[in-house]
$ cat work09.cif   # mmCIF, C-alpha atoms and all ligand atoms
data_input
loop_
_atom_site.label_atom_id
_atom_site.label_comp_id
_atom_site.auth_asym_id
_atom_site.auth_seq_id
_atom_site.Cartn_x
_atom_site.Cartn_y
_atom_site.Cartn_z
CA MET A 1 0.00 0.00 0.00
CA LEU A 2 1.25 3.51 -0.86
CA VAL A 3 0.36 6.70 1.03
CA ILE A 4 0.91 10.10 -0.63
CA GLY A 5 1.51 12.96 1.82
CA SER A 6 2.88 13.29 5.37
CA GLY A 7 0.31 15.56 7.03
CA ALA A 8 -1.87 14.29 9.86
CA SER A 9 -4.13 12.32 7.49
CA GLY A 10 -1.31 10.53 5.63
CA LEU A 11 0.56 9.70 8.83
CA ALA A 12 -2.63 8.41 10.51
CA ALA A 13 -3.41 6.27 7.44
CA ALA A 14 0.11 4.83 7.27
CA VAL A 15 0.26 3.96 10.99
CA SER A 16 -3.22 2.36 10.89
CA ALA A 17 -2.51 0.36 7.73
CA GLU A 18 0.71 -1.03 9.12
CA LYS A 19 -1.05 -1.98 12.34
CA ALA A 20 -3.67 -3.79 10.22
CA GLY A 21 -0.91 -5.89 8.67
CA ALA A 22 -0.14 -4.10 5.38
CA ARG A 23 3.31 -3.45 3.94
CA VAL A 24 3.28 0.33 3.69
CA ALA A 25 5.30 2.96 1.81
CA LEU A 26 4.79 6.70 2.30
CA ALA A 27 5.96 9.28 -0.24
CA THR A 28 5.82 13.01 0.37
CA LYS A 29 6.79 16.13 -1.54
CA GLY A 30 9.23 17.71 0.92
CA SER A 31 10.48 16.74 4.36
CA LEU A 32 8.16 14.70 6.55
CA GLN A 33 7.42 17.79 8.69
CA SER A 34 6.39 19.99 5.76
CA CYS A 35 2.57 20.15 5.76
CA ASN A 36 -0.38 22.29 6.86
CA SER A 37 -1.17 19.93 9.73
CA ALA A 38 1.96 20.94 11.65
CA LYS A 39 0.92 24.62 11.40
CA ALA A 40 -2.52 24.05 12.94
CA GLN A 41 -2.81 25.89 16.21
CA GLY A 42 -6.28 26.26 17.65
CA GLY A 43 -7.35 22.71 18.35
CA ILE A 44 -9.40 19.64 17.54
CA GLN A 45 -13.08 19.07 18.27
CA ALA A 46 -14.60 16.13 20.17
CA ALA A 47 -17.76 16.00 22.29
CA PHE A 48 -16.42 15.52 25.82
CA GLY A 49 -18.40 18.30 27.55
CA GLU A 50 -21.03 17.38 30.14
CA ASP A 51 -23.99 18.66 28.10
CA ASP A 52 -22.50 17.67 24.77
CA SER A 53 -22.89 14.63 22.50
CA PRO A 54 -21.66 13.41 19.09
CA GLU A 55 -25.21 14.10 17.82
CA GLN A 56 -24.99 17.74 18.92
CA HIS A 57 -21.55 18.00 17.32
CA ALA A 58 -23.00 16.56 14.08
CA GLN A 59 -25.86 19.09 14.16
CA ASP A 60 -23.38 21.96 14.51
CA VAL A 61 -21.42 20.68 11.48
CA TRP A 62 -24.64 20.39 9.48
CA LYS A 63 -25.68 23.95 10.33
CA SER A 64 -22.22 25.45 9.73
CA SER A 65 -22.07 23.69 6.35
CA HIS A 66 -25.41 25.37 5.50
CA GLU A 67 -26.87 21.86 5.17
CA THR A 68 -24.46 20.83 2.42
CA ALA A 69 -22.32 18.24 4.27
CA ASN A 70 -22.60 14.48 3.70
CA MET A 71 -24.32 13.40 6.94
CA GLU A 72 -23.06 9.82 6.75
CA LEU A 73 -19.49 11.15 6.87
CA VAL A 74 -20.39 13.74 9.53
CA GLU A 75 -21.88 11.12 11.86
CA ILE A 76 -18.73 9.00 11.53
CA LEU A 77 -16.60 12.09 12.20
CA THR A 78 -18.39 13.08 15.38
CA SER A 79 -19.10 9.61 16.80
CA GLU A 80 -15.47 8.49 16.36
CA ALA A 81 -14.04 11.77 17.67
CA PRO A 82 -13.61 10.67 21.32
CA SER A 83 -11.83 7.43 20.34
CA ALA A 84 -9.62 9.38 17.91
CA ILE A 85 -8.55 11.62 20.81
CA HIS A 86 -7.76 8.59 23.01
CA TRP A 87 -5.73 7.06 20.16
CA LEU A 88 -3.69 10.29 19.88
CA GLU A 89 -3.12 10.20 23.64
CA GLU A 90 -1.85 6.63 23.38
CA LEU A 91 0.62 7.89 20.76
CA GLY A 92 1.83 10.58 23.20
CA VAL A 93 -0.25 13.72 22.60
CA GLU A 94 -0.88 15.55 25.88
CA PHE A 95 -3.97 17.75 25.56
CA THR A 96 -4.18 20.78 27.86
CA ARG A 97 -6.15 19.91 31.00
CA GLU A 98 -7.61 21.83 33.91
CA ASN A 99 -9.76 20.89 36.92
CA GLY A 100 -9.25 17.20 36.19
CA GLY A 101 -10.68 17.33 32.65
CA TYR A 102 -9.81 18.61 29.19
CA ARG A 103 -9.66 22.37 28.78
CA LEU A 104 -12.48 22.85 26.25
CA ALA A 105 -13.15 26.02 24.25
CA ARG A 106 -16.18 26.98 22.15
CA CYS A 107 -15.27 27.61 18.54
CA GLY A 108 -17.20 29.46 15.84
CA GLY A 109 -20.54 27.83 14.95
CA ALA A 110 -20.41 25.43 17.93
CA SER A 111 -23.24 25.18 20.46
CA GLN A 112 -20.95 23.77 23.17
CA LYS A 113 -17.38 24.03 24.41
CA ARG A 114 -15.79 21.22 22.44
CA LEU A 115 -12.33 22.24 21.29
CA LEU A 116 -9.36 20.37 22.80
CA GLN A 117 -6.00 22.09 22.58
CA VAL A 118 -2.31 21.55 23.14
CA GLY A 119 -1.59 25.21 24.03
CA ASP A 120 -1.73 26.83 20.57
CA ARG A 121 0.53 24.28 18.87
CA THR A 122 -2.06 21.49 18.56
CA GLY A 123 -1.13 20.46 15.01
CA HIS A 124 2.55 20.43 15.89
CA ALA A 125 1.91 18.07 18.83
CA ILE A 126 -0.33 15.75 16.81
CA THR A 127 1.99 15.48 13.79
CA LYS A 128 5.03 14.98 16.02
CA ALA A 129 3.37 12.04 17.80
CA LEU A 130 2.26 10.53 14.49
CA ARG A 131 5.73 11.03 12.95
CA ASP A 132 7.34 9.31 15.93
CA ALA A 133 4.98 6.36 15.39
CA VAL A 134 5.82 6.21 11.67
CA GLU A 135 9.56 6.55 12.23
CA SER A 136 9.60 3.74 14.78
CA SER A 137 7.69 1.39 12.43
CA SER A 138 8.76 -0.58 9.36
CA ILE A 139 7.01 1.86 6.98
CA THR A 140 9.24 2.70 3.98
CA LEU A 141 9.65 6.46 3.66
CA PHE A 142 10.25 8.47 0.48
CA PRO A 143 10.76 12.13 1.51
CA ASN A 144 11.39 14.76 -1.21
CA SER A 145 9.48 12.50 -3.63
CA PRO A 146 6.44 14.24 -5.12
CA LEU A 147 3.87 12.13 -6.92
CA HIS A 148 4.19 12.89 -10.65
CA GLU A 149 2.15 10.14 -12.25
CA LEU A 150 -0.31 7.48 -11.17
CA GLU A 151 -1.55 4.65 -13.36
CA PRO A 152 -4.54 2.48 -12.49
CA GLY A 153 -3.39 -0.77 -11.06
CA TRP A 154 -1.51 1.08 -9.21
CA THR A 155 1.86 2.24 -10.47
CA ALA A 156 3.15 5.50 -9.04
CA ARG A 157 6.08 7.70 -10.03
CA VAL A 158 7.24 9.39 -6.83
CA GLY A 159 10.39 11.46 -7.31
CA ASP A 160 12.95 9.09 -8.87
CA HIS A 161 11.14 5.96 -7.68
CA THR A 162 8.50 3.77 -9.28
CA VAL A 163 6.25 2.09 -6.72
CA GLN A 164 3.76 -0.69 -7.44
CA ALA A 165 0.94 -0.93 -4.88
CA ASP A 166 -2.39 -2.79 -4.49
CA THR A 167 -3.98 0.30 -3.00
CA VAL A 168 -3.11 4.00 -2.79
CA VAL A 169 -4.20 6.54 -0.16
CA LEU A 170 -4.08 10.15 -1.37
CA ALA A 171 -3.42 12.47 1.59
CA ALA A 172 -1.80 15.38 -0.23
CA GLY A 173 -3.88 18.19 1.31
CA GLY A 174 -5.46 21.23 -0.35
CA ARG A 175 -4.42 23.91 -2.82
CA CYS A 176 -4.74 27.27 -1.03
CA PHE A 177 -1.07 28.23 -1.29
CA ARG A 178 -1.18 28.05 -5.10
CA GLU A 179 -4.66 29.59 -5.28
CA ALA A 180 -3.53 32.59 -3.20
CA GLU A 181 -0.47 33.08 -5.41
CA GLU A 182 -2.71 33.09 -8.48
CA ARG A 183 -5.10 35.60 -6.86
CA GLY A 184 -2.23 37.80 -5.62
CA GLU A 185 -3.42 37.27 -2.03
CA LEU A 186 -1.97 36.06 1.25
CA SER A 187 -2.51 32.51 2.46
CA THR A 188 -2.01 30.71 5.77
CA ASN A 189 -0.87 27.59 3.93
CA HIS A 190 2.54 25.96 3.56
CA PRO A 191 4.13 26.12 0.08
CA GLY A 192 3.40 22.45 -0.67
CA ALA A 193 -0.37 23.09 -0.73
CA THR A 194 -0.62 23.23 -4.49
CA GLY A 195 -3.29 20.70 -5.47
CA GLU A 196 -1.58 18.72 -8.24
CA VAL A 197 -2.50 15.35 -6.70
CA THR A 198 -6.20 16.25 -6.89
CA LYS A 199 -5.67 17.00 -10.58
CA ILE A 200 -4.00 13.60 -11.10
CA ALA A 201 -6.99 11.85 -9.45
CA LEU A 202 -9.49 13.86 -11.51
CA GLY A 203 -7.51 12.98 -14.63
CA LEU A 204 -8.00 9.29 -13.78
CA GLY A 205 -11.77 9.84 -13.54
CA ALA A 206 -12.25 10.24 -9.77
CA GLU A 207 -15.28 12.37 -8.84
CA SER A 208 -15.05 15.54 -6.78
CA ARG A 209 -17.45 17.89 -4.99
CA ASP A 210 -17.42 21.53 -3.83
CA LEU A 211 -13.93 22.17 -5.22
CA ASP A 212 -14.92 25.80 -5.84
CA ALA A 213 -15.70 26.35 -2.14
CA LEU A 214 -12.52 27.81 -0.63
CA GLN A 215 -12.52 29.07 2.93
CA TYR A 216 -11.17 32.39 4.15
CA HIS A 217 -9.99 32.32 7.75
CA PRO A 218 -11.78 35.32 9.29
CA ASN A 219 -8.70 36.40 11.21
CA GLY A 220 -5.59 36.66 9.11
CA GLY A 221 -2.91 38.81 10.73
CA ALA A 222 -2.85 42.25 9.03
CA TRP A 223 -0.19 44.06 11.08
CA PRO A 224 2.69 43.99 12.00
CA GLU A 225 4.26 42.90 8.73
CA ASN A 226 5.77 39.70 10.16
CA MET A 227 2.23 38.51 11.03
CA GLN A 228 0.68 39.07 7.58
CA GLY A 229 -0.81 35.75 6.40
CA TYR A 230 -0.67 34.29 9.93
CA SER A 231 -3.93 32.73 11.06
CA ILE A 232 -4.75 34.28 14.42
CA PRO A 233 -6.18 31.29 16.32
CA GLU A 234 -9.95 31.27 16.57
CA THR A 235 -9.41 30.50 20.25
CA THR A 236 -8.67 34.22 20.71
CA ARG A 237 -12.39 34.77 20.08
CA ALA A 238 -13.31 31.66 22.10
CA TYR A 239 -11.52 33.26 25.07
CA GLY A 240 -13.22 36.64 24.77
CA ALA A 241 -11.70 38.68 21.91
CA VAL A 242 -14.29 40.48 19.75
CA LEU A 243 -14.24 42.12 16.34
CA LEU A 244 -14.65 45.90 16.29
CA ASN A 245 -14.94 48.42 13.47
CA ALA A 246 -13.18 51.79 13.23
CA ASP A 247 -15.77 53.27 15.66
CA GLU A 248 -15.04 50.47 18.14
CA GLU A 249 -18.50 48.95 17.59
CA GLU A 250 -19.11 45.18 17.48
CA PHE A 251 -20.55 44.53 14.02
CA THR A 252 -20.99 40.73 14.03
CA ASP A 253 -21.22 37.70 16.32
CA SER A 254 -17.52 36.99 16.73
CA LEU A 255 -18.28 33.28 17.27
CA GLY A 256 -20.46 32.79 14.19
CA PRO A 257 -19.61 30.30 11.41
CA ARG A 258 -16.38 31.15 9.60
CA ASP A 259 -17.85 32.19 6.27
CA VAL A 260 -20.39 34.49 7.98
CA VAL A 261 -17.74 36.20 10.11
CA ALA A 262 -15.29 36.57 7.19
CA GLN A 263 -18.04 38.08 5.01
CA ALA A 264 -19.08 40.49 7.79
CA ILE A 265 -15.49 41.81 7.99
CA VAL A 266 -15.26 42.28 4.21
CA ASP A 267 -18.66 44.06 4.21
CA GLU A 268 -17.69 46.34 7.10
CA VAL A 269 -14.53 47.43 5.29
CA ALA A 270 -16.52 47.94 2.06
CA LYS A 271 -18.88 50.27 4.02
CA GLY A 272 -15.85 52.39 4.92
CA LYS A 273 -15.96 51.29 8.56
CA GLY A 274 -12.66 49.45 8.57
CA VAL A 275 -9.18 50.60 9.54
CA GLU A 276 -6.00 50.68 7.47
CA THR A 277 -2.66 49.10 8.27
CA PRO A 278 0.46 51.29 8.08
CA ASP A 279 1.22 49.71 4.67
CA GLY A 280 -2.26 50.50 3.35
CA ARG A 281 -4.04 47.14 3.72
CA PRO A 282 -7.69 46.88 4.82
CA ALA A 283 -8.42 45.60 8.32
CA VAL A 284 -10.73 45.70 11.33
CA TRP A 285 -9.82 45.45 15.00
CA LEU A 286 -9.67 42.24 16.99
CA ASP A 287 -9.90 43.34 20.61
CA THR A 288 -7.59 40.81 22.22
CA THR A 289 -7.25 42.92 25.39
CA ARG A 290 -10.46 41.22 26.61
CA ILE A 291 -8.63 37.86 26.91
CA SER A 292 -7.52 37.13 30.47
CA ALA A 293 -3.81 36.67 31.07
CA HIS A 294 -4.58 33.19 32.49
CA ASP A 295 -6.38 32.04 29.30
CA ALA A 296 -3.74 33.60 27.07
CA GLU A 297 -0.84 31.99 28.89
CA LEU A 298 -2.49 28.54 28.81
CA SER A 299 -4.01 28.56 25.34
CA LEU A 300 -2.28 31.26 23.26
CA PRO A 301 1.41 31.33 24.29
CA TYR A 302 2.78 30.95 20.74
CA MET A 303 0.54 33.71 19.35
CA LEU A 304 1.59 36.05 22.19
CA ARG A 305 5.28 35.32 21.59
CA ARG A 306 5.01 36.02 17.86
CA TYR A 307 3.13 39.31 18.26
CA ARG A 308 5.40 40.49 21.03
CA ALA A 309 8.42 39.73 18.79
CA GLY A 310 6.79 42.06 16.24
CA GLY A 311 6.47 44.84 18.86
CA ILE A 312 2.76 44.46 19.74
CA ASP A 313 1.40 43.02 23.00
CA PRO A 314 -2.12 41.68 22.19
CA LEU A 315 -3.07 41.76 25.87
CA ALA A 316 -2.33 45.49 26.06
CA GLU A 317 -3.58 46.69 22.65
CA LYS A 318 -6.04 45.62 19.94
CA ILE A 319 -4.63 43.93 16.83
CA MET A 320 -5.51 44.38 13.16
CA THR A 321 -7.05 41.53 11.20
CA TYR A 322 -8.53 40.73 7.77
CA PRO A 323 -9.69 37.43 6.19
CA VAL A 324 -7.04 35.29 4.51
CA LEU A 325 -7.27 32.28 2.16
CA HIS A 326 -7.04 29.19 4.33
CA TYR A 327 -8.78 25.94 3.42
CA GLN A 328 -10.21 23.86 0.59
CA ASN A 329 -13.67 22.83 1.82
CA GLY A 330 -14.41 20.37 -0.98
CA GLY A 331 -12.37 17.63 -2.63
CA LEU A 332 -12.50 14.07 -3.91
CA VAL A 333 -15.75 12.21 -3.24
CA ILE A 334 -15.22 9.42 -0.69
CA ASP A 335 -17.33 6.73 0.96
CA ARG A 336 -17.42 5.90 4.68
CA ASP A 337 -14.01 4.16 4.44
CA GLY A 338 -12.35 6.90 2.45
CA GLU A 339 -12.52 5.10 -0.90
CA THR A 340 -12.87 7.44 -3.86
CA THR A 341 -15.13 6.59 -6.79
CA LEU A 342 -12.16 4.60 -8.20
CA GLU A 343 -11.68 1.12 -6.70
CA GLY A 344 -8.54 0.82 -4.59
CA LEU A 345 -7.88 4.57 -4.58
CA TYR A 346 -8.52 6.20 -1.20
CA ALA A 347 -8.43 9.83 -0.07
CA CYS A 348 -8.43 11.42 3.39
CA GLY A 349 -7.90 14.82 4.98
CA GLU A 350 -8.17 18.13 3.14
CA ILE A 351 -7.96 16.48 -0.31
CA ALA A 352 -11.33 14.77 0.33
CA GLY A 353 -14.75 16.45 0.20
CA GLY A 354 -18.13 15.98 1.86
CA THR A 355 -17.40 16.02 5.58
CA HIS A 356 -17.62 19.81 5.84
CA GLY A 357 -19.85 20.52 2.88
CA ARG A 358 -19.15 24.04 1.62
CA ASN A 359 -18.06 25.56 4.96
CA ARG A 360 -15.86 23.86 7.54
CA MET A 361 -15.99 24.52 11.27
CA MET A 362 -12.73 25.17 13.00
CA GLY A 363 -11.19 22.13 14.70
CA ASN A 364 -12.89 19.59 12.45
CA SER A 365 -10.06 19.31 9.95
CA LEU A 366 -7.48 17.80 12.28
CA LEU A 367 -10.30 15.55 13.48
CA GLU A 368 -11.18 14.52 9.93
CA CYS A 369 -7.50 13.72 9.28
CA VAL A 370 -7.35 11.35 12.24
CA VAL A 371 -10.80 9.75 11.90
CA PHE A 372 -10.74 9.23 8.13
CA GLY A 373 -6.96 8.67 7.96
CA ARG A 374 -7.42 5.70 10.29
CA ARG A 375 -10.44 4.41 8.39
CA ALA A 376 -8.78 4.75 4.98
CA GLY A 377 -5.57 3.12 6.22
CA ARG A 378 -7.41 0.15 7.71
CA ALA A 379 -9.73 -0.30 4.70
CA ALA A 380 -6.85 -0.05 2.20
CA ALA A 381 -4.90 -2.62 4.24
CA ASP A 382 -7.91 -4.99 4.31
CA ARG A 383 -8.10 -5.07 0.50
CA HIS A 384 -4.80 -6.98 0.21
C1 LIG A 401 -2.09 27.94 9.77
C2 LIG A 401 -3.14 26.87 9.85
C3 LIG A 401 -3.84 26.68 11.05
C4 LIG A 401 -4.81 25.68 11.12
N1 LIG A 401 -5.44 25.45 12.32
C5 LIG A 401 -6.29 24.41 12.43
C6 LIG A 401 -6.86 24.05 13.70
O1 LIG A 401 -6.58 24.67 14.71
N2 LIG A 401 -7.71 22.98 13.73
C7 LIG A 401 -8.04 22.25 12.63
O2 LIG A 401 -8.79 21.28 12.74
N3 LIG A 401 -7.51 22.56 11.42
C8 LIG A 401 -6.65 23.61 11.30
N4 LIG A 401 -6.09 23.90 10.09
C9 LIG A 401 -6.43 23.06 8.94
C10 LIG A 401 -5.70 21.74 9.04
O3 LIG A 401 -4.46 21.90 9.67
C11 LIG A 401 -5.45 21.12 7.68
O4 LIG A 401 -6.55 21.24 6.86
C12 LIG A 401 -5.14 19.66 7.82
O5 LIG A 401 -4.13 19.49 8.77
C13 LIG A 401 -4.75 19.07 6.49
O6 LIG A 401 -4.13 17.85 6.71
P1 LIG A 401 -3.78 16.92 5.48
O7 LIG A 401 -3.08 15.74 6.04
O8 LIG A 401 -4.98 16.69 4.68
O9 LIG A 401 -2.82 17.84 4.58
P2 LIG A 401 -1.42 18.53 4.93
O10 LIG A 401 -1.17 18.56 6.38
O11 LIG A 401 -1.34 19.79 4.19
O12 LIG A 401 -0.40 17.50 4.29
C14 LIG A 401 -0.34 17.29 2.91
C15 LIG A 401 0.93 16.54 2.60
O13 LIG A 401 0.94 16.15 1.21
C16 LIG A 401 2.20 16.49 0.65
N5 LIG A 401 2.04 16.66 -0.80
C17 LIG A 401 1.45 17.68 -1.47
N6 LIG A 401 1.56 17.47 -2.80
C18 LIG A 401 2.23 16.29 -2.96
C19 LIG A 401 2.69 15.54 -4.08
N7 LIG A 401 2.51 15.95 -5.33
N8 LIG A 401 3.34 14.37 -3.87
C20 LIG A 401 3.59 13.93 -2.58
N9 LIG A 401 3.20 14.62 -1.50
C21 LIG A 401 2.52 15.78 -1.68
C22 LIG A 401 2.60 17.74 1.40
O14 LIG A 401 3.97 18.01 1.26
C23 LIG A 401 2.19 17.37 2.81
O15 LIG A 401 3.15 16.55 3.42
C24 LIG A 401 -5.12 24.89 9.98
C25 LIG A 401 -4.43 25.11 8.79
C26 LIG A 401 -3.45 26.07 8.71
C27 LIG A 401 -2.72 26.28 7.41
#

$ encode --input "work09.cif" --output "structure tokens" --more "lines below"
Ligand SMILES: Cc1cc2nc3c(=O)[nH]c(=O)nc-3n(C[C@H](O)[C@H](O)[C@H](O)COP(=O)(O)OP(=O)(O)OC[C@H]3O[C@@H](n4cnc5c(N)ncnc54)[C@H](O)[C@@H]3O)c2cc1C
Amino acid sequence: MLVIGSGASGLAAAVSAEKAGARVALATKGSLQSCNSAKAQGGIQAAFGEDDSPEQHAQDVWKSSHETANMELVEILTSEAPSAIHWLEELGVEFTRENGGYRLARCGGASQKRLLQVGDRTGHAITKALRDAVESSSITLFPNSPLHELEPGWTARVGDHTVQADTVVLAAGGRCFREAEERGELSTNHPGATGEVTKIALGLGAESRDLDALQYHPNGGAWPENMQGYSIPETTRAYGAVLLNADEEEFTDSLGPRDVVAQAIVDEVAKGKGVETPDGRPAVWLDTTRISAHDAELSLPYMLRRYRAGGIDPLAEKIMTYPVLHYQNGGLVIDRDGETTLEGLYACGEIAGGTHGRNRMMGNSLLECVVFGRRAGRAAADRH
């Protein structure tokens, strides 16, 4: 079995397939660490709260997707979320805890506090644990080996190698880095997020959905310069920060679904009620001074460090923000085990579509990577 990509979804698929008895190879474009997953900060959703349930989580996804998600995939996502978290813990991830339980935050579009965090380096912690598991296994690794060609059957050209595999799992992520370059915009994504693997799968006849639905993160950093294109964690708003216009008025529910909040910011600026960065970019205020020092130190230490290095203390002054291109909501059509519409070809993570419909909630992407990475890895292994 061959896995393409070393983000959270590819690593989860590879580890699960090996555990299920498959001989596994993993090829990735750059180094093993180079992926969007490692940049993820805010957290991962799972219904652990007292008044929460996987059903409630599923309803929130359905609403945030504006009733466009595939509910079969959503129910798998939310019902397997708690066991996915326990699996990550077994691999060594230590989620932030307080008062004997997980420290849970409420993210945009959620009806309950449901977001688990590892400070504000959640993706870093998850990918590190998964990489450790891969590196201590017998999985054959091909770093710096981008997939160039794939023939049904399956024969893959990865870098200078030709690999023959019974099944292939595509886990090559989204395309927002390239899309932003083409639009002349900023993106939160790593430079490998360029989408050519999706094109290869489409060329073979795989079906896709919602590929036109790209997500803007409501809170891209706008100033200082070193923070432009940085995704200010949504947990800032979960812990009390609110969006303000030039007159210091709240103009939207700061914890609404992502697309609604991003659109409200764009509209406010278009009405002339925004502010301007010193280099002339549009922005509104994010009033981070409302976050308590306790919450910031526990859940936003990395964000604080980066802003303070740029000469701004977010606990003492408001920061400037504007939406930034962030995530590919749609992707290859998959079934409940991650199989695409082509037999023996699987897809998981950001390259796959359906789980979020046309608008993803924060914290459900890392979850999707783990839940569907595991399912795709196990199912691909079982086909041997
Ligand atoms: C800054 C930032 C913050 C985020 N914060 C959160 C968060 O708090 N919570 C959350 O749930 N989600 C968050 N997300 C979204 C989430 O991190 C990603 O959507 C998710 O991790 C994608 O995982 P993936 O495994 O599908 O893809 P990636 O992690 O992007 O991995 C894709 C892999 O495929 C490789 N690849 C690409 N092309 C090829 C090729 N041709 N051949 C071989 N390999 C290839 C890449 O090099 C990479 O290794 C965030 C994203 C960003 C950018």

$ residues_around --input "work09.cif" --residues "Ala180 in chain A" --least-positions-apart "4" --cutoff "10 Å" --atoms "all atoms listed in the file" --output "VMD selection string"
chain A and resid 175 to 176 184 to 189 194 324 to 326

$ residues_near_ligand --input "work09.cif" --ligand "ligand LIG 401 (chain A)" --cutoff "6 Å" --atoms "all atoms listed in the file" --output "PyMOL selection string"
chain A and resi 4-10+27-30+34-37+39-44+146-147+171-173+188-189+192-193+196-197+231+349-351+362-367+369

$ residues_around --input "work09.cif" --residues "Trp87 in chain A" --least-positions-apart "2" --cutoff "12 Å" --atoms "all atoms listed in the file" --output "number ranges by chain"
A: 12, 15-16, 80-85, 89-94, 126, 129-130, 133, 367, 370-371, 374

$ atom_distance --input "work09.cif" --atom1 "CA of Tyr230 in chain A" --atom2 "CA of Glu317 in chain A"
18.0 Å

$ atom_distance --input "work09.cif" --atom1 "CA of Val333 in chain A" --atom2 "CA of Gln117 in chain A"
29.3 Å

$ closest_residue --input "work09.cif" --among "A:Ala283, A:Leu204, A:Ala156, A:Ala38" --to "Met1 in chain A" --atoms "all atoms listed in the file"
A:Ala156

$ axis_aligned_box --input "work09.cif" --around "range 355-368 of chain A" --padding-each-side "5 Å" --output "AutoDock Vina command-line options"
--center_x -13.7 --center_y 20.0 --center_z 8.2 --size_x 22.4 --size_y 21.0 --size_z 23.1

$ atom_distance --input "work09.cif" --atom1 "CA of Gly354 in chain A" --atom2 "CA of Ala69 in chain A"
5.3 Å

$ residues_near_point --input "work09.cif" --point "(-5.0, 4.3, -11.5)" --cutoff "10 Å" --atoms "only C-alpha atoms" --output "JSON list (two decimals) with C-alpha atoms, keeping the file's coordinate frame"
[["chain", "number", "residue", "atom", "x", "y", "z"],
["A", 149, "GLU", "CA", 2.15, 10.14, -12.25],
["A", 150, "LEU", "CA", -0.31, 7.48, -11.17],
["A", 151, "GLU", "CA", -1.55, 4.65, -13.36],
["A", 152, "PRO", "CA", -4.54, 2.48, -12.49],
["A", 153, "GLY", "CA", -3.39, -0.77, -11.06],
["A", 154, "TRP", "CA", -1.51, 1.08, -9.21],
["A", 155, "THR", "CA", 1.86, 2.24, -10.47],
["A", 156, "ALA", "CA", 3.15, 5.50, -9.04],
["A", 167, "THR", "CA", -3.98, 0.30, -3.00],
["A", 168, "VAL", "CA", -3.11, 4.00, -2.79],
["A", 200, "ILE", "CA", -4.00, 13.60, -11.10],
["A", 201, "ALA", "CA", -6.99, 11.85, -9.45],
["A", 203, "GLY", "CA", -7.51, 12.98, -14.63],
["A", 204, "LEU", "CA", -8.00, 9.29, -13.78],
["A", 205, "GLY", "CA", -11.77, 9.84, -13.54],
["A", 206, "ALA", "CA", -12.25, 10.24, -9.77],
["A", 342, "LEU", "CA", -12.16, 4.60, -8.20],
["A", 343, "GLU", "CA", -11.68, 1.12, -6.70],
["A", 344, "GLY", "CA", -8.54, 0.82, -4.59],
["A", 345, "LEU", "CA", -7.88, 4.57, -4.58]]

$ residues_near_point --input "work09.cif" --point "(-19.6, 33.8, 13.7)" --cutoff "10 Å" --atoms "all atoms listed in the file" --output "list of chain:residue names"
A:Ser64, A:Cys107, A:Gly108, A:Gly109, A:Ala110, A:Pro218, A:Arg237, A:Thr252, A:Asp253, A:Ser254, A:Leu255, A:Gly256, A:Pro257, A:Arg258, A:Asp259, A:Val260, A:Val261, A:Ala262, A:Gln263, A:Ala264

$ residues_around --input "work09.cif" --residues "Asp52 in chain A" --least-positions-apart "4" --cutoff "12 Å" --atoms "all atoms listed in the file" --output "list in words"
Gln45, Ala46, Ala47, Phe48, Gln56, His57, Ala58, Gln59, Asp60, Thr78, Ser79, Pro82, Leu104, Arg106, Ala110, Ser111, Gln112, Lys113, Arg114 and Leu115 of chain A

$ closest_residue --input "work09.cif" --among "A:Ala125, A:Leu32, A:Ile265, A:Ile334" --to "Pro143 in chain A" --atoms "only C-alpha atoms"
A:Leu32

$ closest_residue --input "work09.cif" --among "A:Glu339, A:Asp247, A:Glu179, A:Asp267" --to "Glu207 in chain A" --atoms "all atoms listed in the file"
A:Glu339

$ closest_residue --input "work09.cif" --among "A:Val3, A:Ala347, A:Ala293, A:Val74" --to "Glu18 in chain A" --atoms "all atoms listed in the file"
A:Val3

$ closest_residue --input "work09.cif" --among "A:Glu55, A:Ala22, A:Leu2, A:Leu244" --to "Arg378 in chain A" --atoms "all atoms listed in the file"
A:Ala22

$ decode --input "work09.cif" --residues "range 88-94 of chain A" --atoms "N, CA and C atoms" --output "compact mmCIF listing (two decimals), in the first residue's frame"
# COMPACT_ATOMS: atom_id res chain seq x y z
N LEU A 88 -4.80 9.31 19.91
CA LEU A 88 -3.69 10.29 19.88
C LEU A 88 -2.98 10.31 21.24
N GLU A 89 -3.75 10.21 22.30
CA GLU A 89 -3.12 10.20 23.64
C GLU A 89 -2.22 8.98 23.80
N GLU A 90 -2.70 7.83 23.30
CA GLU A 90 -1.85 6.63 23.38
C GLU A 90 -0.54 6.83 22.61
N LEU A 91 -0.59 7.63 21.55
CA LEU A 91 0.62 7.89 20.76
C LEU A 91 1.48 8.99 21.40
N GLY A 92 0.99 9.62 22.48
CA GLY A 92 1.83 10.58 23.20
C GLY A 92 1.37 12.02 23.20
N VAL A 93 0.22 12.33 22.59
CA VAL A 93 -0.25 13.72 22.60
C VAL A 93 -0.82 14.06 23.99
N GLU A 94 -0.38 15.16 24.55
CA GLU A 94 -0.88 15.55 25.88
C GLU A 94 -1.75 16.79 25.74
